[in-house]
Amino acid sequence: MVEGYPSLWVWIALLAYFPFALACVAFLGSRRGLVVAMVLGWAFLPQFDPFGKMVPLLHSKAMWVSAGLLAASLAMDLRRWQGARPSWLDAPVAAIPLVSLAASLANGKGLYEGASAGFEAALAWGVPYALGRVYLGRPRGVADLAAGWILGALAYLPLVAWEIRMSPQLHRRIYGFHQHEFQQHMRFGGFRPLVFMQHGLMVGIFLACAALLAWWLWRTGARRRILGIPAGAVAGALVVATVASKTVGAVVLLGVGVLALEAGRRLRAPVALALLLAVAPVYCASRIAGWDADSAVRFANEAIGAARADSLHDRLFNERLLLSKALRKPWLGWSRSETQLLDEDGRTVTVTDSLWIIALGSVGLIGLAAVLLALAVPVVALVREFPVRAWGVRRFAPAAALAAVLAVAMLDALLNNMRLPMFMAAAGSLTSLALAAGRARRRARRRRARGPAPVPRLRLAA
């Protein structure tokens, strides 16, 4: 339940974001400027989604940030877009807004609602991905995205520490309202920080991914210092902050990501990463086929505790109810506005937590497949072009870390709907990097097939 009402600072921050993004691009260059504007915009802009209807056209924080980034890019560096080369690897991301449009039309919502749903999906999913494809598809761009994420998390640490001590109040004090229920952020005898994000769960995954990136850059020697601080100390601070954020899932996913990278480096095979990518589609297929997941609740009860097991049980119970409705229209879903179950009085009786069940209910199996492939295909393409032995190479380490981040994002989508624009920027970045490597490999193969150029014979004059 949202408490309060937007203050004047909400509108000041939103209006200032567009010139801020332009200034970042102008002074830092297109590549770094867009990364800085993306990370800081997501970290510090108000979470105005509950009051989104008050804002014309751009009704959510995700849409606003994407629009600001796109406007800055087109205004300052239009020429870069003219050289963009689409690929079949882009098909899953391109399909998401198209399926959103088709789902609305199939449910009789009309062209306006369908175009609105497609426009929202294009901004939230497509724009960060396209920016990653166009600007971050070289090793320097990949490294800039990883470094920008880490620096954004470091900027968050004082605010996270304050809210852990004083309770999540910053958004209310500055922007006038609590962006989520306060009771959900009382954990383990203390407070879970929200800062300026949608939920404490989002803060947790934001910090966990930054910690994973910093850890791998430190382990591989790709970055010895960050802001003059030893990279190991930065990684340690972010790990501590992730644990202190009191989000059990984020801590577990951080550990899983580290293990996947370390296992790949030691085994010289992407076995662990492949297993992580397989978990999400296998889980979704199992739930659709009728698996009740009670064994997962029992495991959580033994491994984590009764309180977290009860939370998981409630999520799975709601998931089961939503699944029963979603499968009545399996291919294109019910559109974005009719995924919930209602009682006889028209009141909502279910809670949607996970991205996968939201996707299944709103855009059906086709849309769910597009969402999962949008996160998985860049990782598969990267592993196909770069051998695992390169994961520890300084130049390639940021790409390997971002691949692990995308695998972690797929796992998080099974329980939460905490979409960060950096996820899709990473997907676009890794896709471009893999495509560039593939083109270079094919050129080298053609040169070898032609053999060395013949040496011209010289005739000596008599």
# chains A, B, ... in the order shown; residues from 1 in each chain; ligands from 1

call {"tool": "residues_around", "arguments": {"residues": "Leu57 of chain A", "least_positions_apart": "6", "cutoff": "10 Å", "atoms": "only C-alpha atoms", "output": "PyMOL selection string"}}
result
chain A and resi 63-64+116+119-120

call {"tool": "closest_residue", "arguments": {"among": "A:Glu163, A:Ser104, A:Gly52, A:Gly137", "to": "Ala117 of chain A", "atoms": "only C-alpha atoms"}}
result
A:Ser104

call {"tool": "residues_around", "arguments": {"residues": "segment 269-281 of chain A", "least_positions_apart": "6", "cutoff": "7 Å", "atoms": "only C-alpha atoms", "output": "ChimeraX atom specification"}}
result
/A:260,263,376,388,407,410-411,414

call {"tool": "write_last_selection", "arguments": {"atoms": "N, CA, C and O atoms", "output": "PDB file, in the first residue's frame"}}
result
ATOM      1  N   ALA A 260      29.276 -20.207 -10.049  1.00  0.00           N
ATOM      2  CA  ALA A 260      29.228 -20.499 -11.487  1.00  0.00           C
ATOM      3  C   ALA A 260      30.489 -20.009 -12.185  1.00  0.00           C
ATOM      4  O   ALA A 260      31.067 -20.700 -13.034  1.00  0.00           O
ATOM      5  N   ALA A 263      33.527 -22.116 -10.913  1.00  0.00           N
ATOM      6  CA  ALA A 263      33.470 -23.477 -11.464  1.00  0.00           C
ATOM      7  C   ALA A 263      33.867 -23.488 -12.935  1.00  0.00           C
ATOM      8  O   ALA A 263      34.599 -24.380 -13.390  1.00  0.00           O
ATOM      9  N   ALA A 376      18.577 -15.295 -22.011  1.00  0.00           N
ATOM     10  CA  ALA A 376      19.451 -16.456 -22.183  1.00  0.00           C
ATOM     11  C   ALA A 376      20.281 -16.405 -23.462  1.00  0.00           C
ATOM     12  O   ALA A 376      21.453 -16.812 -23.471  1.00  0.00           O
ATOM     13  N   VAL A 388      35.750 -20.888 -22.368  1.00  0.00           N
ATOM     14  CA  VAL A 388      35.713 -20.622 -20.932  1.00  0.00           C
ATOM     15  C   VAL A 388      37.088 -20.229 -20.399  1.00  0.00           C
ATOM     16  O   VAL A 388      37.194 -19.506 -19.410  1.00  0.00           O
ATOM     17  N   ALA A 407      22.385 -14.728 -15.977  1.00  0.00           N
ATOM     18  CA  ALA A 407      21.912 -16.016 -15.462  1.00  0.00           C
ATOM     19  C   ALA A 407      21.234 -15.844 -14.109  1.00  0.00           C
ATOM     20  O   ALA A 407      20.196 -16.456 -13.825  1.00  0.00           O
ATOM     21  N   MET A 410      17.751 -14.417 -14.574  1.00  0.00           N
ATOM     22  CA  MET A 410      16.763 -15.430 -14.947  1.00  0.00           C
ATOM     23  C   MET A 410      16.254 -16.175 -13.724  1.00  0.00           C
ATOM     24  O   MET A 410      15.061 -16.472 -13.608  1.00  0.00           O
ATOM     25  N   LEU A 411      17.140 -16.489 -12.792  1.00  0.00           N
ATOM     26  CA  LEU A 411      16.716 -17.165 -11.571  1.00  0.00           C
ATOM     27  C   LEU A 411      15.824 -16.258 -10.721  1.00  0.00           C
ATOM     28  O   LEU A 411      14.817 -16.703 -10.164  1.00  0.00           O
ATOM     29  N   LEU A 414      12.080 -16.068 -11.378  1.00  0.00           N
ATOM     30  CA  LEU A 414      11.195 -17.143 -10.932  1.00  0.00           C
ATOM     31  C   LEU A 414      10.473 -16.789  -9.636  1.00  0.00           C
ATOM     32  O   LEU A 414       9.451 -17.408  -9.316  1.00  0.00           O
TER      33      LEU A 414
END

call {"tool": "atom_distance", "arguments": {"atom1": "atom CA of Val258 of chain A", "atom2": "atom CA of Val405 of chain A"}}
result
9.8 Å

call {"tool": "atom_distance", "arguments": {"atom1": "atom CA of Ala296 of chain A", "atom2": "atom CA of Pro330 of chain A"}}
result
25.1 Å

call {"tool": "residues_around", "arguments": {"residues": "Leu89 of chain A", "least_positions_apart": "6", "cutoff": "8 Å", "atoms": "only C-alpha atoms", "output": "list in words"}}
result
Val377, Pro378 and Thr431 of chain A

call {"tool": "write_last_selection", "arguments": {"atoms": "C-alpha atoms", "output": "PDB file, in the first residue's frame"}}
result
ATOM      1  CA  VAL A 377      20.378 -15.977 -25.858  1.00  0.00           C
ATOM      2  CA  PRO A 378      23.135 -13.361 -25.239  1.00  0.00           C
ATOM      3  CA  THR A 431      24.998  -9.868 -28.034  1.00  0.00           C
TER       4      THR A 431
END

call {"tool": "closest_residue", "arguments": {"among": "A:Leu69, A:Val239, A:Leu34, A:Val25", "to": "Gly204 of chain A", "atoms": "only C-alpha atoms"}}
result
A:Val239

call {"tool": "residues_around", "arguments": {"residues": "segment 356-372 of chain A", "least_positions_apart": "3", "cutoff": "9 Å", "atoms": "only C-alpha atoms", "output": "PyMOL selection string"}}
result
chain A and resi 91-96+99-100+102-104+280-281+284+319+322-323+325-327+329-340+352-353+375-377+410+413-417

call {"tool": "write_last_selection", "arguments": {"atoms": "N, CA and C atoms", "output": "short mmCIF file (atom, residue, chain, number, x, y, z; two decimals), in the first residue's frame"}}
result
data_model
loop_
_atom_site.label_atom_id
_atom_site.label_comp_id
_atom_site.auth_asym_id
_atom_site.auth_seq_id
_atom_site.Cartn_x
_atom_site.Cartn_y
_atom_site.Cartn_z
N ALA A 91 15.79 -11.16 -32.11
CA ALA A 91 14.39 -11.52 -32.28
C ALA A 91 13.62 -11.65 -30.96
N PRO A 92 14.16 -12.29 -29.91
CA PRO A 92 13.37 -12.38 -28.66
C PRO A 92 12.98 -11.02 -28.08
N VAL A 93 13.92 -10.07 -28.08
CA VAL A 93 13.62 -8.74 -27.53
C VAL A 93 12.62 -8.03 -28.42
N ALA A 94 12.79 -8.14 -29.74
CA ALA A 94 11.85 -7.50 -30.66
C ALA A 94 10.46 -8.09 -30.53
N ALA A 95 10.38 -9.37 -30.14
CA ALA A 95 9.08 -10.03 -30.05
C ALA A 95 8.27 -9.56 -28.85
N ILE A 96 8.91 -9.09 -27.79
CA ILE A 96 8.18 -8.75 -26.57
C ILE A 96 7.14 -7.66 -26.80
N VAL A 99 4.33 -9.11 -29.14
CA VAL A 99 3.41 -10.03 -28.46
C VAL A 99 2.49 -9.27 -27.52
N SER A 100 2.99 -8.20 -26.89
CA SER A 100 2.14 -7.37 -26.02
C SER A 100 1.00 -6.76 -26.83
N ALA A 102 -0.20 -7.99 -29.70
CA ALA A 102 -1.07 -9.09 -30.14
C ALA A 102 -1.96 -9.58 -29.01
N ALA A 103 -1.44 -9.63 -27.79
CA ALA A 103 -2.24 -10.10 -26.66
C ALA A 103 -3.42 -9.17 -26.40
N SER A 104 -3.19 -7.87 -26.48
CA SER A 104 -4.28 -6.92 -26.27
C SER A 104 -5.34 -7.05 -27.36
N ALA A 280 15.46 -21.92 -15.13
CA ALA A 280 14.22 -21.15 -15.36
C ALA A 280 13.26 -21.87 -16.32
N PRO A 281 13.68 -22.27 -17.53
CA PRO A 281 12.73 -22.96 -18.40
C PRO A 281 12.25 -24.29 -17.84
N CYS A 284 9.63 -23.42 -15.12
CA CYS A 284 8.36 -22.96 -15.73
C CYS A 284 7.61 -24.12 -16.36
N GLU A 319 0.92 -18.29 -7.07
CA GLU A 319 1.37 -18.71 -8.41
C GLU A 319 0.45 -19.79 -8.97
N LEU A 322 -2.85 -18.17 -10.06
CA LEU A 322 -2.66 -17.40 -11.30
C LEU A 322 -2.41 -18.31 -12.49
N LEU A 323 -1.73 -19.41 -12.24
CA LEU A 323 -1.44 -20.36 -13.31
C LEU A 323 -2.72 -20.99 -13.84
N LYS A 325 -5.58 -19.65 -14.07
CA LYS A 325 -6.24 -18.71 -14.98
C LYS A 325 -5.44 -18.54 -16.27
N ALA A 326 -4.13 -18.43 -16.14
CA ALA A 326 -3.29 -18.18 -17.32
C ALA A 326 -3.44 -19.28 -18.36
N LEU A 327 -3.57 -20.51 -17.91
CA LEU A 327 -3.63 -21.63 -18.85
C LEU A 327 -4.97 -21.74 -19.56
N LYS A 329 -5.97 -19.30 -21.35
CA LYS A 329 -5.59 -18.64 -22.61
C LYS A 329 -4.07 -18.78 -22.73
N PRO A 330 -3.61 -19.96 -23.10
CA PRO A 330 -2.18 -20.26 -22.94
C PRO A 330 -1.24 -19.53 -23.89
N TRP A 331 -1.65 -19.22 -25.11
CA TRP A 331 -0.69 -18.75 -26.11
C TRP A 331 -0.39 -17.27 -26.00
N LEU A 332 -1.39 -16.42 -25.87
CA LEU A 332 -1.18 -14.98 -25.81
C LEU A 332 -1.65 -14.35 -24.50
N GLY A 333 -2.14 -15.15 -23.58
CA GLY A 333 -2.50 -14.64 -22.27
C GLY A 333 -3.74 -13.76 -22.28
N TRP A 334 -3.89 -13.01 -21.19
CA TRP A 334 -5.08 -12.19 -20.96
C TRP A 334 -4.83 -10.71 -21.20
N SER A 335 -3.69 -10.31 -21.65
CA SER A 335 -3.23 -8.92 -21.76
C SER A 335 -2.81 -8.41 -20.39
N ARG A 336 -2.18 -7.27 -20.35
CA ARG A 336 -1.55 -6.80 -19.12
C ARG A 336 -2.52 -6.42 -18.02
N SER A 337 -3.79 -6.21 -18.35
CA SER A 337 -4.73 -5.68 -17.35
C SER A 337 -5.64 -6.73 -16.72
N GLU A 338 -5.54 -8.00 -17.13
CA GLU A 338 -6.49 -8.99 -16.63
C GLU A 338 -5.83 -10.26 -16.14
N THR A 339 -4.65 -10.17 -15.58
CA THR A 339 -3.95 -11.38 -15.14
C THR A 339 -4.40 -11.85 -13.76
N GLN A 340 -4.99 -10.96 -12.95
CA GLN A 340 -5.35 -11.29 -11.58
C GLN A 340 -6.68 -12.06 -11.51
N THR A 352 0.69 -10.98 -7.53
CA THR A 352 1.67 -11.38 -8.54
C THR A 352 3.05 -10.95 -8.09
N ASP A 353 3.93 -11.93 -7.91
CA ASP A 353 5.29 -11.64 -7.46
C ASP A 353 6.32 -11.85 -8.55
N LEU A 375 16.94 -13.04 -22.15
CA LEU A 375 18.01 -13.08 -21.16
C LEU A 375 19.02 -14.18 -21.43
N ALA A 376 18.58 -15.30 -22.01
CA ALA A 376 19.45 -16.46 -22.18
C ALA A 376 20.28 -16.41 -23.46
N VAL A 377 19.69 -15.93 -24.56
CA VAL A 377 20.38 -15.98 -25.86
C VAL A 377 21.72 -15.23 -25.84
N MET A 410 17.75 -14.42 -14.57
CA MET A 410 16.76 -15.43 -14.95
C MET A 410 16.25 -16.18 -13.72
N ALA A 413 13.86 -14.04 -11.74
CA ALA A 413 12.56 -13.90 -12.39
C ALA A 413 11.59 -14.99 -11.98
N LEU A 414 12.08 -16.07 -11.38
CA LEU A 414 11.20 -17.14 -10.93
C LEU A 414 10.47 -16.79 -9.64
N LEU A 415 10.99 -15.82 -8.90
CA LEU A 415 10.38 -15.45 -7.63
C LEU A 415 9.97 -13.98 -7.56
N ASN A 416 10.63 -13.13 -8.31
CA ASN A 416 10.39 -11.69 -8.20
C ASN A 416 10.24 -11.05 -9.58
N ASN A 417 9.76 -9.81 -9.57
CA ASN A 417 9.65 -9.02 -10.79
C ASN A 417 10.44 -7.74 -10.61
#

call {"tool": "closest_atom_pairs", "arguments": {"of": "segment 141-188 of chain A", "to": "segment 195-202 of chain A", "cutoff": "10 Å", "atoms": "only C-alpha atoms", "output": "JSON lines"}}
result
{"residue": "A:Tyr156", "atom": "CA", "partner": "A:Val195", "partner_atom": "CA", "distance": 8.2}
{"residue": "A:Leu159", "atom": "CA", "partner": "A:Val195", "partner_atom": "CA", "distance": 6.6}
{"residue": "A:Val160", "atom": "CA", "partner": "A:Val195", "partner_atom": "CA", "distance": 6.7}
{"residue": "A:Ala161", "atom": "CA", "partner": "A:Val195", "partner_atom": "CA", "distance": 10.0}
{"residue": "A:Trp162", "atom": "CA", "partner": "A:Val195", "partner_atom": "CA", "distance": 9.3}
{"residue": "A:Glu163", "atom": "CA", "partner": "A:Val195", "partner_atom": "CA", "distance": 7.2}
{"residue": "A:Ile164", "atom": "CA", "partner": "A:Val195", "partner_atom": "CA", "distance": 9.9}
{"residue": "A:Ser167", "atom": "CA", "partner": "A:Val195", "partner_atom": "CA", "distance": 9.7}
{"residue": "A:Pro168", "atom": "CA", "partner": "A:Val195", "partner_atom": "CA", "distance": 6.4}
{"residue": "A:Gln169", "atom": "CA", "partner": "A:Val195", "partner_atom": "CA", "distance": 7.5}
{"residue": "A:Leu170", "atom": "CA", "partner": "A:Val195", "partner_atom": "CA", "distance": 5.9}
{"residue": "A:His171", "atom": "CA", "partner": "A:Phe196", "partner_atom": "CA", "distance": 5.6}
{"residue": "A:Arg172", "atom": "CA", "partner": "A:Phe196", "partner_atom": "CA", "distance": 9.3}
{"residue": "A:Ile174", "atom": "CA", "partner": "A:Phe196", "partner_atom": "CA", "distance": 9.7}
{"residue": "A:Tyr175", "atom": "CA", "partner": "A:Phe196", "partner_atom": "CA", "distance": 9.1}
{"residue": "A:His178", "atom": "CA", "partner": "A:Phe196", "partner_atom": "CA", "distance": 9.5}
{"residue": "A:Gln179", "atom": "CA", "partner": "A:Gln198", "partner_atom": "CA", "distance": 6.4}
{"residue": "A:His180", "atom": "CA", "partner": "A:His199", "partner_atom": "CA", "distance": 6.5}
{"residue": "A:Glu181", "atom": "CA", "partner": "A:His199", "partner_atom": "CA", "distance": 8.9}
{"residue": "A:Phe182", "atom": "CA", "partner": "A:His199", "partner_atom": "CA", "distance": 10.0}
{"residue": "A:Gln184", "atom": "CA", "partner": "A:Gly200", "partner_atom": "CA", "distance": 8.5}
{"residue": "A:His185", "atom": "CA", "partner": "A:Gly200", "partner_atom": "CA", "distance": 6.7}

call {"tool": "closest_residue", "arguments": {"among": "A:Arg32, A:Arg266, A:Arg442, A:Arg223", "to": "Ser73 of chain A", "atoms": "only C-alpha atoms"}}
result
A:Arg32

call {"tool": "closest_residue", "arguments": {"among": "A:Leu14, A:Ala244, A:Ala250, A:Ala400", "to": "Trp215 of chain A", "atoms": "only C-alpha atoms"}}
result
A:Ala400

call {"tool": "select_by_dssp", "arguments": {"residues": "segment 41-146 of chain A", "states": "helix (DSSP H, G or I)", "output": "PyMOL selection string"}}
result
chain A and resi 41-44+49-54+61-82+88-106+110-135+139-146

call {"tool": "atom_distance", "arguments": {"atom1": "atom CA of Val251 of chain A", "atom2": "atom CA of Leu373 of chain A"}}
result
24.7 Å

call {"tool": "closest_residue", "arguments": {"among": "A:Gly41, A:Gly305, A:Gly257, A:Pro86", "to": "Phe188 of chain A", "atoms": "only C-alpha atoms"}}
result
A:Gly305

call {"tool": "closest_residue", "arguments": {"among": "A:Leu131, A:Val252, A:Ala401, A:Ala124", "to": "Leu420 of chain A", "atoms": "only C-alpha atoms"}}
result
A:Ala124

call {"tool": "residues_around", "arguments": {"residues": "Pro230 of chain A", "least_positions_apart": "3", "cutoff": "12 Å", "atoms": "only C-alpha atoms", "output": "PyMOL selection string"}}
result
chain A and resi 214-215+217-219+221-227+233-237

call {"tool": "residues_around", "arguments": {"residues": "segment 76-84 of chain A", "least_positions_apart": "2", "cutoff": "9 Å", "atoms": "only C-alpha atoms", "output": "PDB file with C-alpha atoms, in the first residue's frame"}}
result
ATOM      1  CA  LEU A  22      22.157  15.054 -22.216  1.00  0.00           C
ATOM      2  CA  VAL A  25      26.579  12.264 -22.915  1.00  0.00           C
ATOM      3  CA  ALA A  26      28.037  15.687 -23.722  1.00  0.00           C
ATOM      4  CA  SER A  30      28.189   8.656 -25.502  1.00  0.00           C
ATOM      5  CA  ALA A  71      16.451  11.182 -26.300  1.00  0.00           C
ATOM      6  CA  ALA A  72      20.017  11.958 -25.192  1.00  0.00           C
ATOM      7  CA  SER A  73      21.441   9.358 -27.560  1.00  0.00           C
ATOM      8  CA  LEU A  74      19.476  10.532 -30.588  1.00  0.00           C
ATOM      9  CA  PRO A  86      20.156  -6.061 -36.707  1.00  0.00           C
ATOM     10  CA  ARG A 133      23.814  -3.246 -28.738  1.00  0.00           C
ATOM     11  CA  VAL A 134      24.785   0.096 -30.258  1.00  0.00           C
ATOM     12  CA  TYR A 135      27.146   1.536 -27.639  1.00  0.00           C
TER      13      TYR A 135
END

call {"tool": "select_by_dssp", "arguments": {"residues": "segment 123-216 of chain A", "states": "strand (DSSP E or B)", "output": "JSON, numbers by chain"}}
result
{"A": [177, 178, 186, 187, 190, 191]}

call {"tool": "write_last_selection", "arguments": {"atoms": "N, CA and C atoms", "output": "compact mmCIF listing (two decimals), in the first residue's frame"}}
result
# COMPACT_ATOMS: atom_id res chain seq x y z
N PHE A 177 6.22 10.19 -0.45
CA PHE A 177 5.39 8.99 -0.23
C PHE A 177 6.27 7.75 -0.13
N HIS A 178 5.75 6.75 0.61
CA HIS A 178 6.37 5.44 0.63
C HIS A 178 5.99 4.71 -0.66
N MET A 186 10.44 -4.79 7.30
CA MET A 186 10.93 -5.09 8.65
C MET A 186 11.37 -6.54 8.65
N ARG A 187 12.69 -6.77 8.76
CA ARG A 187 13.25 -8.11 8.60
C ARG A 187 14.31 -8.38 9.65
N GLY A 190 15.25 -5.90 12.24
CA GLY A 190 15.71 -4.59 11.78
C GLY A 190 14.94 -4.18 10.54
N PHE A 191 15.61 -3.42 9.69
CA PHE A 191 14.93 -2.87 8.51
C PHE A 191 15.66 -3.28 7.23

call {"tool": "decode", "arguments": {"residues": "segment 185-204 of chain A", "atoms": "N, CA, C and O atoms", "output": "tab-separated table (two decimals), in the first residue's frame"}}
result
chain	number	residue	atom	x	y	z
A	185	HIS	N	9.23	-4.39	4.93
A	185	HIS	CA	10.65	-4.07	5.01
A	185	HIS	C	11.15	-4.06	6.45
A	185	HIS	O	12.18	-3.45	6.77
A	186	MET	N	10.44	-4.79	7.30
A	186	MET	CA	10.93	-5.09	8.65
A	186	MET	C	11.37	-6.54	8.65
A	186	MET	O	10.57	-7.46	8.52
A	187	ARG	N	12.69	-6.77	8.76
A	187	ARG	CA	13.25	-8.11	8.60
A	187	ARG	C	14.31	-8.38	9.65
A	187	ARG	O	15.16	-7.53	9.93
A	188	PHE	N	14.24	-9.58	10.24
A	188	PHE	CA	15.27	-10.08	11.15
A	188	PHE	C	15.60	-9.08	12.27
A	188	PHE	O	16.76	-8.84	12.59
A	189	GLY	N	14.56	-8.50	12.82
A	189	GLY	CA	14.75	-7.57	13.93
A	189	GLY	C	15.25	-6.20	13.53
A	189	GLY	O	15.61	-5.39	14.40
A	190	GLY	N	15.25	-5.90	12.24
A	190	GLY	CA	15.71	-4.59	11.78
A	190	GLY	C	14.94	-4.18	10.54
A	190	GLY	O	13.78	-4.56	10.35
A	191	PHE	N	15.61	-3.42	9.69
A	191	PHE	CA	14.93	-2.87	8.51
A	191	PHE	C	15.66	-3.28	7.23
A	191	PHE	O	16.89	-3.39	7.21
A	192	ARG	N	14.87	-3.47	6.18
A	192	ARG	CA	15.40	-3.74	4.86
A	192	ARG	C	15.33	-2.45	4.05
A	192	ARG	O	14.26	-1.84	3.94
A	193	PRO	N	16.44	-1.99	3.47
A	193	PRO	CA	16.45	-0.69	2.79
A	193	PRO	C	15.67	-0.71	1.47
A	193	PRO	O	15.67	-1.70	0.74
A	194	LEU	N	15.02	0.40	1.19
A	194	LEU	CA	14.32	0.63	-0.08
A	194	LEU	C	15.00	1.70	-0.92
A	194	LEU	O	15.01	1.62	-2.14
A	195	VAL	N	15.52	2.71	-0.23
A	195	VAL	CA	16.12	3.89	-0.84
A	195	VAL	C	15.13	4.47	-1.87
A	195	VAL	O	14.02	4.84	-1.49
A	196	PHE	N	15.48	4.48	-3.17
A	196	PHE	CA	14.58	5.07	-4.17
A	196	PHE	C	14.12	4.04	-5.20
A	196	PHE	O	13.75	4.40	-6.32
A	197	MET	N	14.14	2.78	-4.81
A	197	MET	CA	13.75	1.73	-5.75
A	197	MET	C	12.36	1.19	-5.41
A	197	MET	O	11.75	1.55	-4.40
A	198	GLN	N	11.89	0.31	-6.26
A	198	GLN	CA	10.53	-0.22	-6.16
A	198	GLN	C	10.29	-1.01	-4.88
A	198	GLN	O	9.22	-0.96	-4.30
A	199	HIS	N	11.29	-1.74	-4.44
A	199	HIS	CA	11.13	-2.66	-3.31
A	199	HIS	C	12.51	-2.96	-2.75
A	199	HIS	O	13.52	-2.81	-3.45
A	200	GLY	N	12.55	-3.42	-1.50
A	200	GLY	CA	13.82	-3.84	-0.93
A	200	GLY	C	14.44	-5.00	-1.69
A	200	GLY	O	15.67	-5.16	-1.72
A	201	LEU	N	13.61	-5.83	-2.31
A	201	LEU	CA	14.12	-6.92	-3.13
A	201	LEU	C	14.94	-6.39	-4.31
A	201	LEU	O	15.94	-7.00	-4.70
A	202	MET	N	14.51	-5.26	-4.87
A	202	MET	CA	15.26	-4.68	-5.98
A	202	MET	C	16.59	-4.12	-5.51
A	202	MET	O	17.62	-4.26	-6.20
A	203	VAL	N	16.61	-3.49	-4.36
A	203	VAL	CA	17.87	-3.01	-3.80
A	203	VAL	C	18.82	-4.20	-3.59
A	203	VAL	O	20.01	-4.13	-3.89
A	204	GLY	N	18.26	-5.31	-3.08
A	204	GLY	CA	19.09	-6.49	-2.84
A	204	GLY	C	19.71	-7.03	-4.11
A	204	GLY	O	20.91	-7.32	-4.15
